[in-house]
Amino acid sequence: MGNVAAAEGALAAGCRFYAGYPITPSSEIMEHMAARLPGAGGAFIQMEDEIASISAAIGASWAGRKSMTATSGPGLSLMMEGLGYAAWTETPVVVVDVQRAGPCTGQATHVGSGDVMQLRYGSHGDYHPIALAPWSVQEMHDLTVQAFNLAERYRVPTFLLADEAVGHLRETAVLDPHPAVVDRAKRPGAPPFGTDDPAGVPPMPSFGEGERLLVTGSTHDEWGFRRVDHPQVHARLVERINRKITDHRDDIVQVDGHMLEDADVAVVAYGFTARSALAAVRALRAEGVRAGLLRLVTIWPFADEEVRRLAGQVGHIVVPEMNRGQVADLVELHAHRTVHRLGQTDGRIIAPDAIRDRVMEAMA
Amino acid sequence: MTRDMQEMLRPGVGATTFCAGCGHGILLHAVLRAVAGLGLDERRMLYVSGIGCAAWIPSPHFDADTLHTLHGRAIAYAVGAKVANPKLEVVVISGDGDLSSIGGNHLIHAARRGHDLTVICANNEIYGMTGGQTASTTPLGMVTATAPQGNPYRPFDLTSLVMSAGATYAARWPVTRPSRLIDSIAKAIGVAGMGFVEAISPCPTQFGRRNRIPEPARLYEHVERLCVDRETASRMTSKELEGRFVVGEWTRG
């Protein structure tokens with residue numbers, strides 16, 4: 001199951017702390033971590049709500065453990081203040097969001113993909129998280145490993161933007177128990193919140209190492225001292241926590257192209273919908289239509305250059321997604337043209353036929 | 001502040017930001033005295049606080065690891081750090097509004113689960129930093145910025161709350177009794193499970209001025225007069241105890 005693969009990916013990446021609160025359709029991740037962590041030398045705790053879960057994960061990260069939590073839309077909404085804290089204090093933490101049909105309680109057991117913009121902008125102020133969108137059980141594992149590696153390298157909250165369909169998907173996957181793993185940089189005595197490089201990532205000490213850390217959610221200088229009246233310190237920190245992601249976008253952004261070399265029409269999709277999109281592209285090819293798929297593996301930072309290049313190459317772009325066009329808006333922004341949308345918000349997956357039909361409409 | 005205490009303060013940190021007459025300076029000193037008395041290694045100490053005046057007691061003043069978190073969430077962050085590294089000696093220091101209003105859920109659940117945490121609540125009976133609004137600890141009838149006709153609601157009895165939720169030890173003392181405070185903070189750190197200390201720490205600026213006791217000395221005398229020990233309180237009716245502080249220690253039998 002996709003959710004179990006994500007939990008195994010976390011363990012393989014070195015995750016040794018999980019705090020969570022039950023919520024459909026993500027709970028299997030928590031249950032699997034509860035069973036596996038104690039035997040792996042880790043710690044698991046069920047907290048009283050999602051606010052406490054993200055808070056505990058951040059506290060544990062500063063105590064030196066790779067930490068995660070998993071949730072779905074309603075829980076994600078509660079986690080927003082903690083995610084802003086993690087971004088501002090540059091705390092590595094991984095959050096798996098197994099999306100369900102929202103808004104609000106919506107349809108707890110049905111699929112949706114309405115959290116794309118909430119991941120990016122849900123907490124107040126300017127910050128820049130990383131988000132990866134798996135389309136298979138294999139990627140629920142592999143991208144969770146990558147999410148930990150990116151979180152550690154960039155000291156940033158990192159999301160696995162999954163959905164109910166891929167989270168509950170059962171299929172064969174090969175799980176590497178010893179993948180390449182990145183650990184946070186350590187440099188005793190170095191300032192934990194600043195570097196001379198405006199896009200730099202400072203080293204991260206842990207509690208108990210004798211560094212006498214000052215960690216605060218207020219604006220702080222490179223040593224962690226509150227600087228709540230200092231315009232330059234504030235501006236410099238906002239700039240750095242964003243630029244350490246955007247200046248390294250080439251290292252972070254991944255896309256997966258299928259049959260794009262000679263394509264006249266491209267489908268841009270992510271998550272479970274990309275599976276339907278690939279089936280549609282294959283069906284269209286069988287009908288003689290030169291269709292291709294650009295799959296967004298990284299959602300944040302957005303694959304702006306890849307989309308711009310695609311727009312120069314194909315006649316039409318179709319964007320199917322389980323929301324009212326959150327990624328279609330971005331594709332339009334970076335493609336500088338109108339795209340053909342297929343936003344489905346009925347709590348069901350988008351069928352390959354629907355995408356095939358939308359492509360044919362676009363080309364007519 | 002004596003020389004040994006001075007060494008427990010972070011180099012480069014000068015005067016506190018507390019108002020004249022604030023009780024938090026006395027509490028700050030009491031925490032350091034308790035920690036010094038126990039001979040704890042500062043490298044193992046982690047002080048966690050939320051948002052508000054009291055959250056600034058450890059951060060940045062204490063020369064140890066400090067985690068200044070979000071409003072109400074100090075205990076949840078502390079739980080994560082303690083569970084992740086049980087060798088840390090984790091002490092939460094925050095205000096009454098932070099720990100018992102917005103953070104009340106985390107307080108009772110941490111007490112229930114029995115995490116080995118110390119929680120020190122600086123109770124000034126009001127929201128100081130935001131300008132004197134009603135807290136869940138504001139006594140009935142007291143005037144605040146959001147209760148100009150007097151607070152119509154009862155306050156929490158925090159020591160009863162945490163003991164019924166599962167704390168191992170609780171104590172309540174005004175900052176006018178610093179020796180008792182130091183002793184209780186040391187006990188709270190020493191016990192297994194949650195040790196809780198409520199320090200009644202008067203706020204002349206926001207609470208005193210609104211309630212016609214603006215002079216710190218008079219406000220401290222007023223708080224002292226309202227204190228009643230547990231044994232005396234056991235012979236008083238709930239009506240007689242309204243507005244009083246029952247002071248003393250509570251332990252799990």
# chains A, B, ... in the order shown; residues from 1 in each chain; ligands from 1

call {"tool": "interface_residues", "arguments": {"of": "chain A", "to": "chain B", "cutoff": "9 Å", "atoms": "only C-alpha atoms", "output": "CSV table (one decimal) with C-alpha atoms, in the first residue's frame"}}
result
chain,number,residue,atom,x,y,z
A,16,ARG,CA,13.4,8.2,14.0
A,17,PHE,CA,10.5,10.3,15.3
A,19,ALA,CA,4.2,12.4,16.0
A,42,GLY,CA,12.9,5.5,17.1
A,43,ALA,CA,10.1,7.2,19.0
A,44,PHE,CA,6.5,7.4,18.2
A,45,ILE,CA,3.8,9.4,19.9
A,47,MET,CA,-0.5,13.6,20.0
A,48,GLU,CA,-3.8,15.3,21.0
A,49,ASP,CA,-4.3,17.1,17.7
A,51,ILE,CA,-1.2,21.3,16.0
A,52,ALA,CA,0.6,19.3,18.7
A,53,SER,CA,1.8,16.8,16.1
A,54,ILE,CA,3.7,19.3,13.9
A,55,SER,CA,4.9,21.0,17.1
A,56,ALA,CA,6.3,17.8,18.6
A,57,ALA,CA,7.9,16.9,15.2
A,58,ILE,CA,9.7,20.3,15.2
A,59,GLY,CA,10.8,19.9,18.8
A,60,ALA,CA,12.1,16.4,18.0
A,61,SER,CA,14.0,17.7,14.9
A,62,TRP,CA,15.8,20.2,17.1
A,63,ALA,CA,16.5,17.4,19.6
A,64,GLY,CA,18.4,15.8,16.7
A,65,ARG,CA,16.0,13.3,15.2
A,81,GLU,CA,1.2,27.7,12.1
A,82,GLY,CA,3.8,25.0,12.9
A,85,TYR,CA,7.5,28.1,12.4
A,206,SER,CA,20.9,20.0,18.1
A,207,PHE,CA,19.8,20.5,21.7
A,208,GLY,CA,22.1,18.8,24.2
A,209,GLU,CA,25.2,19.5,22.2
A,210,GLY,CA,26.4,22.3,24.4
A,211,GLU,CA,25.7,25.0,21.8
A,212,ARG,CA,23.3,26.9,24.1
A,213,LEU,CA,20.9,27.4,21.2
A,214,LEU,CA,18.4,30.2,20.9
A,215,VAL,CA,15.6,29.1,18.7
A,216,THR,CA,12.7,31.5,18.2
A,217,GLY,CA,9.8,32.1,15.8
A,218,SER,CA,10.4,35.8,16.1
A,224,GLY,CA,19.1,33.3,17.1
A,225,PHE,CA,18.8,36.6,19.1
A,226,ARG,CA,15.3,38.2,18.6

call {"tool": "select_by_dssp", "arguments": {"residues": "stretch 128-264 of chain A", "states": "alpha helix (DSSP H)", "output": "JSON, numbers by chain"}}
result
{"A": [137, 138, 139, 140, 141, 142, 143, 144, 145, 146, 147, 148, 149, 150, 151, 152, 153, 154, 164, 165, 166, 167, 231, 232, 233, 234, 235, 236, 237, 238, 239, 240, 241, 242, 243, 244, 245, 246, 249, 250, 251, 252]}

call {"tool": "residues_around", "arguments": {"residues": "stretch 8-15 of chain A", "least_positions_apart": "2", "cutoff": "9 Å", "atoms": "only C-alpha atoms", "output": "PyMOL selection string"}}
result
chain A and resi 3-6+17-18+29+32-33+36-37+40+42+65-68+94+140-149+175-183

call {"tool": "select_by_dssp", "arguments": {"residues": "stretch 11-240 of chain B", "states": "strand (DSSP E)", "output": "PyMOL selection string"}}
result
chain B and resi 45-49+65-68+89-95+118-123+169-174+195-200+227-229

call {"tool": "write_last_selection", "arguments": {"atoms": "C-alpha atoms", "output": "PDB file, in the first residue's frame"}}
result
ATOM      1  CA  MET B  45      18.875  21.816  30.106  1.00  0.00           C
ATOM      2  CA  LEU B  46      16.285  22.749  27.516  1.00  0.00           C
ATOM      3  CA  TYR B  47      13.962  25.628  28.330  1.00  0.00           C
ATOM      4  CA  VAL B  48      10.852  25.821  26.179  1.00  0.00           C
ATOM      5  CA  SER B  49       8.468  28.765  26.141  1.00  0.00           C
ATOM      6  CA  ASP B  65      19.318  25.537  24.980  1.00  0.00           C
ATOM      7  CA  THR B  66      16.135  27.563  24.606  1.00  0.00           C
ATOM      8  CA  LEU B  67      13.177  27.031  22.301  1.00  0.00           C
ATOM      9  CA  HIS B  68      10.854  30.025  22.009  1.00  0.00           C
ATOM     10  CA  GLU B  89      16.063  18.068  31.226  1.00  0.00           C
ATOM     11  CA  VAL B  90      13.100  19.908  29.747  1.00  0.00           C
ATOM     12  CA  VAL B  91      11.569  22.850  31.586  1.00  0.00           C
ATOM     13  CA  VAL B  92       8.645  24.771  30.124  1.00  0.00           C
ATOM     14  CA  ILE B  93       8.273  28.351  31.343  1.00  0.00           C
ATOM     15  CA  SER B  94       5.371  30.376  30.031  1.00  0.00           C
ATOM     16  CA  GLY B  95       2.404  32.452  31.020  1.00  0.00           C
ATOM     17  CA  THR B 118       8.566  20.514  34.379  1.00  0.00           C
ATOM     18  CA  VAL B 119       5.992  23.191  33.639  1.00  0.00           C
ATOM     19  CA  ILE B 120       6.318  26.574  35.317  1.00  0.00           C
ATOM     20  CA  CYS B 121       3.362  28.854  34.791  1.00  0.00           C
ATOM     21  CA  ALA B 122       3.862  32.530  35.507  1.00  0.00           C
ATOM     22  CA  ASN B 123       0.323  33.549  36.351  1.00  0.00           C
ATOM     23  CA  TYR B 169       3.344  17.245  41.610  1.00  0.00           C
ATOM     24  CA  ALA B 170       1.851  20.716  41.642  1.00  0.00           C
ATOM     25  CA  ALA B 171       2.506  23.795  43.704  1.00  0.00           C
ATOM     26  CA  ARG B 172       1.231  27.359  43.825  1.00  0.00           C
ATOM     27  CA  TRP B 173       3.119  30.231  45.427  1.00  0.00           C
ATOM     28  CA  PRO B 174       3.219  33.968  44.902  1.00  0.00           C
ATOM     29  CA  GLY B 195       5.869  18.638  37.839  1.00  0.00           C
ATOM     30  CA  PHE B 196       3.864  21.855  37.736  1.00  0.00           C
ATOM     31  CA  VAL B 197       4.505  25.143  39.519  1.00  0.00           C
ATOM     32  CA  GLU B 198       2.137  28.083  39.330  1.00  0.00           C
ATOM     33  CA  ALA B 199       3.877  31.300  40.303  1.00  0.00           C
ATOM     34  CA  ILE B 200       1.481  34.141  41.042  1.00  0.00           C
ATOM     35  CA  CYS B 227      -3.188  33.841  49.685  1.00  0.00           C
ATOM     36  CA  VAL B 228      -4.586  31.176  51.925  1.00  0.00           C
ATOM     37  CA  ASP B 229      -2.817  27.935  52.773  1.00  0.00           C
TER      38      ASP B 229
END

call {"tool": "residues_around", "arguments": {"residues": "A:Thr195", "least_positions_apart": "3", "cutoff": "12 Å", "atoms": "only C-alpha atoms", "output": "VMD selection string"}}
result
chain A and resid 190 to 192 198 to 204 221 to 223 236 to 237 240 to 241 244

call {"tool": "residues_around", "arguments": {"residues": "A:Met1", "least_positions_apart": "5", "cutoff": "10 Å", "atoms": "only C-alpha atoms", "output": "ChimeraX atom specification"}}
result
/A:6,28-29,136-138,140,166-173

call {"tool": "write_last_selection", "arguments": {"atoms": "N, CA and C atoms", "output": "tab-separated table (two decimals), in the first residue's frame"}}
result
chain	number	residue	atom	x	y	z
A	6	ALA	N	5.34	4.75	2.07
A	6	ALA	CA	5.84	6.06	2.55
A	6	ALA	C	6.48	5.90	3.92
A	28	GLU	N	-2.80	4.95	7.90
A	28	GLU	CA	-1.94	3.75	7.80
A	28	GLU	C	-0.48	4.13	7.97
A	29	ILE	N	-0.11	5.33	7.59
A	29	ILE	CA	1.28	5.76	7.77
A	29	ILE	C	1.60	5.79	9.26
A	136	SER	N	2.92	6.59	-7.64
A	136	SER	CA	2.94	5.13	-7.52
A	136	SER	C	3.34	4.74	-6.11
A	137	VAL	N	3.16	3.46	-5.80
A	137	VAL	CA	3.62	2.96	-4.51
A	137	VAL	C	5.14	3.09	-4.42
A	138	GLN	N	5.79	2.81	-5.56
A	138	GLN	CA	7.24	2.95	-5.61
A	138	GLN	C	7.66	4.36	-5.20
A	140	MET	N	5.85	6.56	-3.54
A	140	MET	CA	5.50	6.88	-2.14
A	140	MET	C	6.72	6.59	-1.26
A	166	VAL	N	-3.39	7.25	-4.48
A	166	VAL	CA	-2.04	6.70	-4.48
A	166	VAL	C	-1.67	6.19	-3.07
A	167	GLY	N	-2.23	6.81	-2.06
A	167	GLY	CA	-1.97	6.37	-0.69
A	167	GLY	C	-2.53	4.99	-0.41
A	168	HIS	N	-3.68	4.71	-0.99
A	168	HIS	CA	-4.32	3.40	-0.77
A	168	HIS	C	-4.10	2.43	-1.92
A	169	LEU	N	-3.27	2.82	-2.87
A	169	LEU	CA	-2.98	1.96	-4.00
A	169	LEU	C	-2.15	0.76	-3.54
A	170	ARG	N	-2.48	-0.38	-4.09
A	170	ARG	CA	-1.67	-1.58	-3.84
A	170	ARG	C	-1.10	-2.06	-5.16
A	171	GLU	N	0.21	-2.15	-5.23
A	171	GLU	CA	0.88	-2.63	-6.43
A	171	GLU	C	2.30	-3.03	-6.02
A	172	THR	N	2.99	-3.66	-6.93
A	172	THR	CA	4.34	-4.13	-6.62
A	172	THR	C	5.32	-2.96	-6.60
A	173	ALA	N	6.20	-2.97	-5.63
A	173	ALA	CA	7.26	-1.97	-5.57
A	173	ALA	C	8.48	-2.62	-4.96

call {"tool": "atom_distance", "arguments": {"atom1": "atom CA of B:Leu181", "atom2": "atom CA of B:Glu224"}}
result
13.9 Å

call {"tool": "residues_around", "arguments": {"residues": "A:Met259", "least_positions_apart": "3", "cutoff": "10 Å", "atoms": "only C-alpha atoms", "output": "MDAnalysis selection string"}}
result
chainID A and resid 262:263 266 278 281:282 285 290:294

call {"tool": "residues_around", "arguments": {"residues": "B:Asn124", "least_positions_apart": "6", "cutoff": "8 Å", "atoms": "only C-alpha atoms", "output": "tab-separated table (two decimals) with C-alpha atoms, in the first residue's frame"}}
result
chain	number	residue	atom	x	y	z
B	95	GLY	CA	2.40	32.45	31.02
B	96	ASP	CA	-1.11	31.61	32.17
B	200	ILE	CA	1.48	34.14	41.04
B	201	SER	CA	3.44	36.95	39.42
B	202	PRO	CA	1.67	40.32	39.64
B	203	CYS	CA	1.42	42.60	36.62
B	207	PHE	CA	-3.64	44.26	35.89

call {"tool": "atom_distance", "arguments": {"atom1": "atom CA of B:Gly97", "atom2": "atom CA of B:Ile126"}}
result
7.2 Å
